[in-house]
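Asker: Data: run-v8.txt, compact mmCIF, C-alpha atoms (C1' of nucleotides).
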```txt
# COMPACT_ATOMS: atom_id res chain seq x y z
CA MET A 238 -14.56 2.47 22.63
CA ARG A 239 -14.71 -0.26 20.14
CA LEU A 240 -17.92 -1.44 18.61
CA THR A 241 -17.92 -5.00 17.39
CA THR A 242 -20.16 -8.02 17.40
CA LYS A 243 -18.67 -9.04 20.72
CA GLY A 244 -20.16 -6.07 22.50
CA ARG A 245 -23.41 -6.61 20.69
CA PHE A 246 -23.63 -10.18 21.87
CA ALA A 247 -23.01 -8.99 25.39
CA VAL A 248 -25.75 -6.38 25.19
CA THR A 249 -28.13 -8.88 23.65
CA ALA A 250 -27.41 -11.36 26.42
CA MET A 251 -27.86 -8.69 29.07
CA ILE A 252 -31.23 -7.77 27.63
CA ASP A 253 -32.20 -11.41 27.72
CA VAL A 254 -31.23 -11.61 31.37
CA ALA A 255 -33.10 -8.42 32.14
CA MET A 256 -36.22 -9.70 30.43
CA HIS A 257 -36.20 -13.10 32.14
CA SER A 258 -35.03 -12.38 35.64
CA THR A 259 -38.51 -11.84 37.06
CA ASN A 260 -38.38 -15.12 38.92
CA GLY A 261 -34.87 -15.92 40.04
CA PRO A 262 -31.51 -15.96 38.30
CA VAL A 263 -31.21 -16.69 34.60
CA THR A 264 -28.97 -19.52 33.51
CA LEU A 265 -26.56 -19.04 30.68
CA ALA A 266 -27.88 -22.24 29.16
CA ALA A 267 -31.25 -20.57 28.75
CA VAL A 268 -29.70 -17.44 27.27
CA SER A 269 -27.63 -19.59 24.95
CA GLU A 270 -30.70 -21.44 23.76
CA ARG A 271 -32.81 -18.33 23.29
CA GLN A 272 -30.20 -16.11 21.70
CA ARG A 273 -28.26 -18.78 19.83
CA ILE A 274 -24.95 -17.83 21.37
CA SER A 275 -22.57 -20.59 22.35
CA LEU A 276 -22.57 -21.36 26.05
CA SER A 277 -18.82 -21.07 26.45
CA TYR A 278 -18.76 -17.74 24.74
CA LEU A 279 -21.45 -16.53 27.11
CA GLU A 280 -19.40 -17.80 30.02
CA GLN A 281 -16.44 -15.75 28.85
CA LEU A 282 -18.58 -12.67 28.39
CA PHE A 283 -20.36 -13.01 31.71
CA GLY A 284 -17.07 -13.63 33.45
CA LYS A 285 -16.08 -10.14 32.38
CA LEU A 286 -19.48 -8.69 33.13
CA ARG A 287 -19.32 -10.18 36.61
CA ARG A 288 -15.79 -8.92 37.26
CA SER A 289 -16.95 -5.50 36.13
CA GLY A 290 -19.74 -5.62 38.67
CA LEU A 291 -22.56 -5.49 36.15
CA VAL A 292 -24.07 -8.84 37.07
CA ASP A 293 -24.11 -11.07 40.13
CA SER A 294 -23.86 -14.81 39.95
CA VAL A 295 -25.57 -17.49 41.99
CA ARG A 296 -23.99 -20.89 41.98
CA GLY A 297 -25.59 -24.26 42.33
CA PRO A 298 -28.97 -25.54 41.23
CA GLY A 299 -31.47 -22.79 40.62
CA GLY A 300 -28.56 -20.46 40.18
CA GLY A 301 -27.59 -18.24 37.30
CA TYR A 302 -27.04 -14.57 36.73
CA HIS A 303 -29.01 -11.50 37.56
CA LEU A 304 -28.32 -7.83 37.04
CA ALA A 305 -26.27 -6.22 39.76
CA ARG A 306 -28.29 -3.02 39.44
CA ALA A 307 -31.62 -1.94 38.09
CA SER A 308 -31.69 -2.10 34.31
CA SER A 309 -32.24 1.64 34.26
CA GLN A 310 -28.87 2.02 35.96
CA LEU A 311 -26.99 -0.10 33.46
CA SER A 312 -25.84 1.56 30.27
CA VAL A 313 -24.86 0.06 26.96
CA ALA A 314 -21.51 1.75 27.31
CA GLN A 315 -20.75 -0.06 30.54
CA ILE A 316 -21.53 -3.41 28.98
CA ILE A 317 -19.42 -2.79 25.93
CA VAL A 318 -16.49 -1.50 27.92
CA ALA A 319 -16.68 -4.56 30.15
CA VAL A 320 -16.32 -7.09 27.36
CA ASP A 321 -14.57 -5.18 24.57
CA GLU A 322 -11.20 -4.46 26.01
CA PRO A 323 -9.95 -1.07 24.95
CA ILE A 324 -7.50 -0.61 22.15
CA ASP A 325 -6.00 2.62 21.00
CA ALA A 326 -5.33 3.48 17.41
CA THR A 327 -2.28 5.53 18.29
CA GLN A 328 1.23 4.66 17.41
CA CYS A 329 2.75 6.23 20.48
CA GLY A 330 0.30 4.53 22.79
CA GLY A 331 -0.01 7.80 24.65
CA LEU A 332 3.55 7.48 25.76
CA GLU A 333 6.44 9.87 25.91
CA ASN A 334 7.67 9.30 22.38
CA CYS A 335 5.21 11.71 20.83
CA HIS A 336 7.61 14.62 20.52
CA ASP A 337 6.42 15.36 17.08
CA ASP A 338 3.14 17.17 17.05
CA ARG A 339 1.73 15.07 14.30
CA ARG A 340 2.13 11.81 16.04
CA CYS A 341 -0.14 12.92 18.80
CA MET A 342 -2.94 13.78 16.42
CA THR A 343 -4.58 10.40 16.29
CA HIS A 344 -4.47 10.11 20.00
CA GLU A 345 -6.06 13.44 20.79
CA LEU A 346 -8.55 13.07 18.02
CA TRP A 347 -9.87 9.73 19.06
CA ALA A 348 -9.87 10.52 22.69
CA GLY A 349 -12.33 13.26 21.84
CA LEU A 350 -14.46 11.17 19.56
CA ASN A 351 -14.35 8.36 22.07
CA ASN A 352 -15.81 10.71 24.60
CA HIS A 353 -18.65 11.60 22.32
CA ILE A 354 -19.58 8.05 21.50
CA PHE A 355 -19.03 6.90 25.03
CA SER A 356 -21.25 9.53 26.53
CA PHE A 357 -23.87 8.81 23.95
CA LEU A 358 -23.92 5.11 24.72
CA SER A 359 -23.80 5.93 28.41
CA GLY A 360 -27.14 7.61 27.95
CA VAL A 361 -28.73 4.46 26.58
CA SER A 362 -29.86 2.27 29.44
CA LEU A 363 -30.65 -1.41 29.37
CA ALA A 364 -34.13 -0.51 30.59
CA GLN A 365 -34.73 1.53 27.46
CA LEU A 366 -33.71 -1.33 25.22
CA VAL A 367 -35.86 -3.76 27.17
CA ALA A 368 -38.84 -1.43 26.91
CA GLN A 369 -38.25 -1.10 23.20
CA GLN A 370 -38.09 -4.86 22.93
CA ASP A 371 -41.20 -5.40 25.03
CA GLN A 372 -43.06 -2.97 22.86
CA LYS A 373 -42.18 -4.87 19.72
CA ALA A 374 -43.12 -8.15 21.32
CA ALA A 375 -46.46 -6.68 22.28
CA ILE A 376 -47.06 -5.45 18.76
CA ALA A 377 -46.13 -8.82 17.36
CA ALA A 378 -48.50 -10.52 19.77
CA ARG A 379 -51.28 -8.18 18.82
CA ILE A 380 -50.75 -8.92 15.17
CA ASP A 381 -50.75 -12.61 15.89
CA THR A 382 -54.14 -12.50 17.54
CA ARG A 383 -55.40 -10.01 14.97
CA GLN A 384 -56.68 -7.56 17.47
CA ALA A 385 -54.86 -4.50 16.27
CA PRO A 386 -56.93 -1.58 17.47
CA ALA A 387 -57.67 1.17 15.02
CA GLY A 388 -55.10 3.92 14.98
CA THR A 389 -52.12 1.76 15.72
CA THR A 390 -49.46 1.25 13.11
CA PRO A 391 -48.65 -2.44 13.24
CA CYS A 392 -45.03 -3.41 12.79
CA LYS A 393 -44.31 -0.03 11.35
CA VAL A 394 -41.03 0.14 13.15
CA PRO A 395 -38.61 1.25 10.48
CA VAL A 396 -35.78 -1.20 10.51
CA THR A 397 -33.10 0.51 8.53
CA ALA A 398 -30.64 -1.32 6.41
CA ALA A 399 -27.70 -2.65 8.39
CA VAL A 400 -25.11 0.06 8.37
CA MET B 1180 -21.77 0.42 11.92
CA ARG B 1181 -18.59 -1.03 13.20
CA LEU B 1182 -16.04 1.00 15.02
CA THR B 1183 -12.50 -0.29 14.82
CA THR B 1184 -8.99 1.01 14.37
CA LYS B 1185 -9.46 0.64 10.64
CA GLY B 1186 -12.07 3.35 10.53
CA ARG B 1187 -9.96 5.46 12.83
CA PHE B 1188 -6.98 5.23 10.53
CA ALA B 1189 -9.21 6.27 7.68
CA VAL B 1190 -10.55 9.29 9.55
CA THR B 1191 -7.06 10.25 10.66
CA ALA B 1192 -5.81 10.06 7.11
CA MET B 1193 -8.74 12.08 5.84
CA ILE B 1194 -8.04 14.77 8.38
CA ASP B 1195 -4.45 14.82 7.25
CA VAL B 1196 -5.55 15.26 3.64
CA ALA B 1197 -7.99 17.97 4.64
CA MET B 1198 -5.29 19.83 6.54
CA HIS B 1199 -2.69 19.66 3.77
CA SER B 1200 -4.68 20.06 0.59
CA THR B 1201 -4.31 23.82 0.47
CA ASN B 1202 -1.84 23.58 -2.38
CA GLY B 1203 -2.67 20.71 -4.65
CA PRO B 1204 -3.35 17.04 -4.03
CA VAL B 1205 -1.81 15.22 -1.08
CA THR B 1206 0.23 12.13 -1.76
CA LEU B 1207 -0.29 9.03 0.29
CA ALA B 1208 3.44 8.91 0.84
CA ALA B 1209 3.20 12.19 2.73
CA VAL B 1210 0.25 11.00 4.77
CA SER B 1211 2.07 7.79 5.50
CA GLU B 1212 5.10 9.66 6.72
CA ARG B 1213 3.15 12.12 8.86
CA GLN B 1214 0.65 9.73 10.36
CA ARG B 1215 2.89 6.67 10.54
CA ILE B 1216 0.48 4.52 8.63
CA SER B 1217 1.91 2.07 6.12
CA LEU B 1218 1.67 3.27 2.57
CA SER B 1219 0.10 0.10 1.25
CA TYR B 1220 -2.52 0.13 3.95
CA LEU B 1221 -3.36 3.69 3.01
CA GLU B 1222 -3.64 2.62 -0.60
CA GLN B 1223 -6.22 0.05 0.37
CA LEU B 1224 -8.16 2.52 2.48
CA PHE B 1225 -8.10 5.27 -0.12
CA GLY B 1226 -9.12 2.81 -2.79
CA LYS B 1227 -12.34 2.36 -0.86
CA LEU B 1228 -12.68 6.05 -0.09
CA ARG B 1229 -12.30 6.83 -3.76
CA ARG B 1230 -14.83 4.22 -4.85
CA SER B 1231 -17.21 5.65 -2.27
CA GLY B 1232 -16.78 9.07 -3.80
CA LEU B 1233 -15.30 10.70 -0.74
CA VAL B 1234 -12.00 11.60 -2.38
CA ASP B 1235 -10.78 12.25 -5.89
CA SER B 1236 -7.46 11.05 -7.19
CA VAL B 1237 -5.00 12.75 -9.50
CA ARG B 1238 -2.49 10.53 -11.18
CA GLY B 1239 0.98 11.30 -12.25
CA PRO B 1240 3.59 13.68 -10.83
CA GLY B 1241 2.11 16.33 -8.61
CA GLY B 1242 -0.85 14.05 -8.14
CA GLY B 1243 -2.38 12.60 -5.05
CA TYR B 1244 -5.74 12.76 -3.35
CA HIS B 1245 -8.04 15.56 -2.42
CA LEU B 1246 -11.45 15.66 -0.83
CA ALA B 1247 -14.33 15.20 -3.22
CA ARG B 1248 -16.41 17.67 -1.22
CA ALA B 1249 -15.88 20.42 1.28
CA SER B 1250 -14.72 19.03 4.60
CA SER B 1251 -17.89 20.40 6.16
CA GLN B 1252 -19.86 18.11 3.86
CA LEU B 1253 -17.92 15.00 4.81
CA SER B 1254 -19.01 13.16 7.93
CA VAL B 1255 -17.12 10.70 10.06
CA ALA B 1256 -19.91 8.22 9.47
CA GLN B 1257 -19.38 8.32 5.72
CA ILE B 1258 -15.68 7.62 6.10
CA ILE B 1259 -16.16 4.74 8.49
CA VAL B 1260 -18.87 3.16 6.38
CA ALA B 1261 -16.64 3.43 3.33
CA VAL B 1262 -13.75 1.47 4.79
CA ASP B 1263 -15.35 -0.67 7.51
CA GLU B 1264 -17.62 -2.94 5.60
CA PRO B 1265 -20.81 -3.65 7.46
CA ILE B 1266 -21.33 -6.77 9.46
CA ASP B 1267 -24.43 -7.79 11.29
CA ALA B 1268 -24.50 -9.50 14.62
CA THR B 1269 -27.60 -11.47 13.78
CA GLN B 1270 -27.72 -15.17 13.28
CA CYS B 1271 -30.50 -15.05 10.75
CA GLY B 1272 -28.81 -12.31 8.75
CA GLY B 1273 -32.15 -10.58 8.48
CA LEU B 1274 -33.43 -13.43 6.39
CA GLU B 1275 -36.61 -15.41 6.38
CA ASN B 1276 -35.54 -17.98 8.92
CA CYS B 1277 -36.39 -15.84 11.91
CA HIS B 1278 -39.81 -17.31 12.55
CA ASP B 1279 -39.10 -17.38 16.21
CA ASP B 1280 -39.59 -14.01 17.80
CA ARG B 1281 -36.43 -14.24 19.81
CA ARG B 1282 -34.13 -14.69 16.89
CA CYS B 1283 -35.08 -11.36 15.50
CA MET B 1284 -34.29 -9.56 18.71
CA THR B 1285 -30.67 -8.89 17.97
CA HIS B 1286 -31.48 -7.71 14.53
CA GLU B 1287 -34.11 -5.18 15.48
CA LEU B 1288 -32.18 -4.08 18.48
CA TRP B 1289 -28.97 -3.31 16.69
CA ALA B 1290 -30.66 -1.80 13.73
CA GLY B 1291 -32.03 0.77 16.12
CA LEU B 1292 -28.80 1.35 17.97
CA ASN B 1293 -26.97 1.47 14.67
CA ASN B 1294 -29.25 4.28 13.67
CA HIS B 1295 -28.43 6.23 16.77
CA ILE B 1296 -24.69 5.87 16.44
CA PHE B 1297 -24.78 6.40 12.73
CA SER B 1298 -26.79 9.58 12.93
CA PHE B 1299 -24.53 10.82 15.68
CA LEU B 1300 -21.40 10.25 13.63
CA SER B 1301 -23.16 11.68 10.62
CA GLY B 1302 -23.39 14.90 12.53
CA VAL B 1303 -19.65 15.08 13.05
CA SER B 1304 -18.04 16.63 10.02
CA LEU B 1305 -14.44 16.45 8.96
CA ALA B 1306 -14.33 20.23 9.16
CA GLN B 1307 -15.13 20.09 12.86
CA LEU B 1308 -12.33 17.66 13.53
CA VAL B 1309 -9.92 19.72 11.49
CA ALA B 1310 -10.88 22.85 13.38
CA GLN B 1311 -10.39 21.03 16.64
CA GLN B 1312 -7.00 19.86 15.45
CA ASP B 1313 -5.95 23.28 14.23
CA GLN B 1314 -6.85 24.75 17.57
CA LYS B 1315 -4.62 22.30 19.37
CA ALA B 1316 -1.79 22.89 16.92
CA ALA B 1317 -2.08 26.61 17.56
CA ILE B 1318 -1.85 26.06 21.29
CA ALA B 1319 1.15 23.80 20.82
CA ALA B 1320 2.83 26.37 18.60
CA ARG B 1321 2.31 29.07 21.20
CA ILE B 1322 3.88 26.88 23.81
CA ASP B 1323 6.80 26.13 21.53
CA THR B 1324 7.61 29.74 20.67
CA ARG B 1325 7.07 31.19 24.06
CA GLN B 1326 9.07 29.15 26.47
CA ALA B 1327 6.31 27.13 28.05
CA PRO B 1328 4.76 29.06 30.92
CA ALA B 1329 5.18 27.60 34.34
CA GLY B 1330 2.63 24.96 35.10
CA THR B 1331 2.10 23.74 31.58
CA THR B 1332 3.12 20.30 30.59
CA PRO B 1333 4.15 20.06 26.94
CA CYS B 1334 2.49 17.36 24.89
CA LYS B 1335 0.44 16.54 27.90
CA VAL B 1336 -2.94 17.25 26.46
CA PRO B 1337 -5.54 15.99 28.91
CA VAL B 1338 -6.09 12.71 27.23
CA THR B 1339 -9.10 11.05 28.68
CA ALA B 1340 -8.70 7.46 29.64
CA ALA B 1341 -8.80 5.35 26.53
CA VAL B 1342 -12.21 3.78 26.52
C1' DG C 219 10.95 8.51 -21.98
C1' DT C 220 11.73 8.88 -17.50
C1' DT C 221 9.78 9.89 -13.17
C1' DT C 222 5.92 10.40 -10.18
C1' DA C 223 2.05 8.53 -8.04
C1' DG C 224 -2.29 6.20 -8.30
C1' DT C 225 -4.36 1.18 -9.12
C1' DT C 226 -4.70 -3.49 -8.48
C1' DG C 227 -4.11 -8.07 -6.73
C1' DA C 228 -1.93 -11.59 -4.26
C1' DC C 229 0.22 -12.91 -0.19
C1' DT C 230 1.52 -12.90 4.82
C1' DA C 231 1.74 -12.33 10.12
C1' DA C 232 -0.72 -10.95 14.03
C1' DT C 233 -4.84 -10.34 16.32
C1' DT C 234 -9.69 -10.99 17.22
C1' DT C 235 -13.88 -13.83 17.14
C1' DG C 236 -16.47 -17.50 18.29
C1' DT C 237 -16.42 -22.31 19.44
C1' DT C 238 -15.21 -26.87 21.45
C1' DC C 239 -13.36 -29.54 25.12
C1' DG C 240 -12.12 -30.77 29.58
C1' DG C 241 -11.83 -30.09 33.78
C1' DG C 242 -12.87 -27.84 38.25
C1' DT C 243 -15.98 -25.72 42.56
C1' DA C 244 -20.14 -24.12 45.18
C1' DT C 245 -24.74 -25.34 46.49
C1' DA C 246 -29.66 -26.99 46.56
C1' DC C 247 -32.13 -31.08 47.30
C1' DG C 248 -33.44 -35.75 48.24
C1' DC D 462 -24.25 -38.13 52.41
C1' DG D 463 -24.38 -38.05 47.21
C1' DT D 464 -25.73 -36.13 43.02
C1' DA D 465 -27.32 -32.96 39.76
C1' DT D 466 -27.06 -28.18 38.61
C1' DA D 467 -24.73 -24.36 37.07
C1' DC D 468 -21.06 -21.20 37.74
C1' DC D 469 -15.94 -20.97 36.91
C1' DC D 470 -11.55 -21.50 34.42
C1' DG D 471 -8.14 -22.31 30.93
C1' DA D 472 -6.31 -24.26 26.85
C1' DA D 473 -6.72 -25.19 22.14
C1' DC D 474 -8.66 -24.06 17.84
C1' DA D 475 -10.70 -22.54 12.99
C1' DA D 476 -12.30 -18.59 10.88
C1' DA D 477 -12.37 -13.88 10.02
C1' DT D 478 -10.34 -9.40 10.31
C1' DT D 479 -6.46 -6.27 10.59
C1' DA D 480 -2.32 -4.45 9.16
C1' DG D 481 1.32 -4.60 6.31
C1' DT D 482 4.38 -6.21 2.24
C1' DC D 483 5.48 -7.04 -2.51
C1' DA D 484 5.13 -6.75 -7.34
C1' DA D 485 3.30 -5.27 -11.52
C1' DC D 486 0.59 -2.02 -13.90
C1' DT D 487 -1.44 2.61 -15.79
C1' DA D 488 -1.90 7.71 -16.31
C1' DA D 489 0.16 12.06 -16.47
C1' DA D 490 3.92 15.74 -15.97
C1' DC D 491 8.23 17.21 -17.33
```
Step by step, read the file and then write its structure as structure tokens.
Answerer:
Amino acid sequence: MRLTTKGRFAVTAMIDVAMHSTNGPVTLAAVSERQRISLSYLEQLFGKLRRSGLVDSVRGPGGGYHLARASSQLSVAQIIVAVDEPIDATQCGGLENCHDDRRCMTHELWAGLNNHIFSFLSGVSLAQLVAQQDQKAAIAARIDTRQAPAGTTPCKVPVTAAV
Amino acid sequence: MRLTTKGRFAVTAMIDVAMHSTNGPVTLAAVSERQRISLSYLEQLFGKLRRSGLVDSVRGPGGGYHLARASSQLSVAQIIVAVDEPIDATQCGGLENCHDDRRCMTHELWAGLNNHIFSFLSGVSLAQLVAQQDQKAAIAARIDTRQAPAGTTPCKVPVTAAV
DNA sequence: GTTTAGTTGACTAATTTGTTCGGGTATACG
DNA sequence: CGTATACCCGAACAAATTAGTCAACTAAAC
């Protein structure tokens, strides 16, 4: 389980697809324009997402991508695993040359921590992120039109410093 | 919050220090030898760990590094943040040029997910990992001394598929 | 004063990231 | 038909990051 900008771009793009697939497939050109990600990079990412069975593609005019499953059935972990090919921080690579106890430490350790992080991100569905995003968009719209009802905390979503 | 092999090396090294600091500071040379991490790379990592206040250094003969706090008070998140400098996947960099609603999406989204992952890893202390490691070492030692019982596979800890 | 070991900085190879380019192929539509 | 759309594919590429090397320095123990 690696966590880099690559996986983040993939998740972002998937959210974009989820939010715009109400009427037909979403083209990568549209995602590229909206999310400011280069088209070719998106093609690479969606090639992996497609081969992993997370999205389906429709070729030809009017084509594009749509989610292969309901957004509630797609987890962040699946997306990240699909695009961020796994790498292990072990020297032995989990092979037979770990006679010495110590050399196995990294491997066992990270396998465990991997599990934790993986299962955590498996519990976060695309639907949740979309809902979160929709909510913010709604708040923003309400602020724009200055119709914030009493009792609501406008834009009070605490965006923490980038960690 | 990035999650790469760099942070994993740092955590591995910190566990090694935690496990061997019973009698005096631990030298990086020893960590390097045990964990098969290059000495100079460790020097870079521990430079950051020291500047982040996670370890203290003792110079001269008999010197080395030791944890600045009890291992139960040191979280994985702190270690990773110390060595894996933050990067944001946003185009606007959280600046003022995100007039368009869409361009802020990545930023808000990952800030939230960052929080989740960060708080999760903040809850994992070095002490926990050490305990987990000690437990495995004890099992391994038992296997070593008592001629492995039938059915056990030495050094074949059920390593989950690398994610 | 010599040895140990941290401290620093510069430098390098390998890998990853993100992009650009240049071609393909399937299909809707006129 | 043909053509435009949009997926598909691969190669080449600069930039950043990762991992490691080298060399010189400082503080402290003996």
Asker: Record the distance separating CA of Leu358 in chain A and CA of Leu311 in chain A, expressed in Å with one decimal.
Answerer: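 Here the two named atoms are 10.6 Å from each other.
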Asker: Any idea which chain A residues end up within 6 Å of chain C if we count only C-alpha atoms (C1' of nucleotides), as a list in words please?
Answerer: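 Taking only C-alpha atoms (C1' of nucleotides) into account, Arg296, Gly297 and Pro298 of chain A sit within 6 Å of chain C.
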Asker: So the first atom is CA of Val313 in chain A and the second is CA of Arg271 in chain A; what is the distance between them in Å, to one decimal place?
Answerer: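 Result for CA of Val313 in chain A versus CA of Arg271 in chain A: 20.4 Å, one decimal.
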Asker: As an exercise, work out the distance from CA of Gln310 in chain A to CA of Arg245 in chain A in Å and give it to one decimal place.
Answerer: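 Between these atoms lies a distance of 18.4 Å.
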Asker: Considering only C-alpha atoms (C1' of nucleotides), extract the chain D residues located within 6 Å of chain B and return them as a list in words.
Answerer: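 Here they are: DA488, DA489 and DA490 of chain D.
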Asker: Of the residues B:Leu1221, B:Ala1261, B:Ile1194, B:Ala1208, which is the one nearest to Leu1233 in chain B, using all atoms listed in the file?
Answerer: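 Smallest separation from Leu1233 in chain B among the options: B:Ala1261.
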Asker: Any idea what's packed within 9 Å of Phe355 in chain A, counting all atoms listed in the file, ignoring anything in its chain fewer than 4 positions away? Could you give it as a count of residues only?
Answerer: 7
Asker: With only C-alpha atoms as the atoms that count, which of A:Gln369, A:Arg273, A:Arg239, A:Ile316 lies nearest to Arg288 in chain A?
Answerer: A:Ile316
Asker: Which is closest to chain B among A:Gln281, A:Asn352, A:Gln372, A:Ser308, if we use all atoms listed in the file?
Answerer: A:Asn352
Asker: Measuring atom to atom with all atoms listed in the file, identify which of B:Ile1296, B:Leu1228, B:Val1196, B:Val1205 is nearest to chain A.
Answerer: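 So, comparing all the options, the nearest one is B:Ile1296.
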Asker: I'd like to know which of B:Thr1206, B:Gln1257, B:Ser1298, B:Gln1312 is closest to chain A, using all atoms listed in the file.
Answerer: B:Gln1312
Asker: Which of these residues is nearest to chain A, using all atoms listed in the file: B:Leu1305, B:Ala1320, B:Ala1310, B:Leu1182?
Answerer: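 Result for the nearest residue to chain A: B:Leu1182.
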Asker: Fewer than 4 positions away in the same chain doesn't count, so skip those; otherwise give me all residues within 7 Å of Ser294 in chain A, counting all atoms listed in the file, as number ranges by chain.
Answerer: A: 301-303
Asker: To box range 222-226 of chain C, take all atoms listed in the file, fit an axis-aligned box, add 3 Å on each side, and give centre and edge lengths in Å to one decimal, as lines of an AutoDock Vina configuration file.
Answerer:
```
center_x = 0.6
center_y = 3.5
center_z = -9.1
size_x = 16.6
size_y = 19.9
size_z = 8.1
```
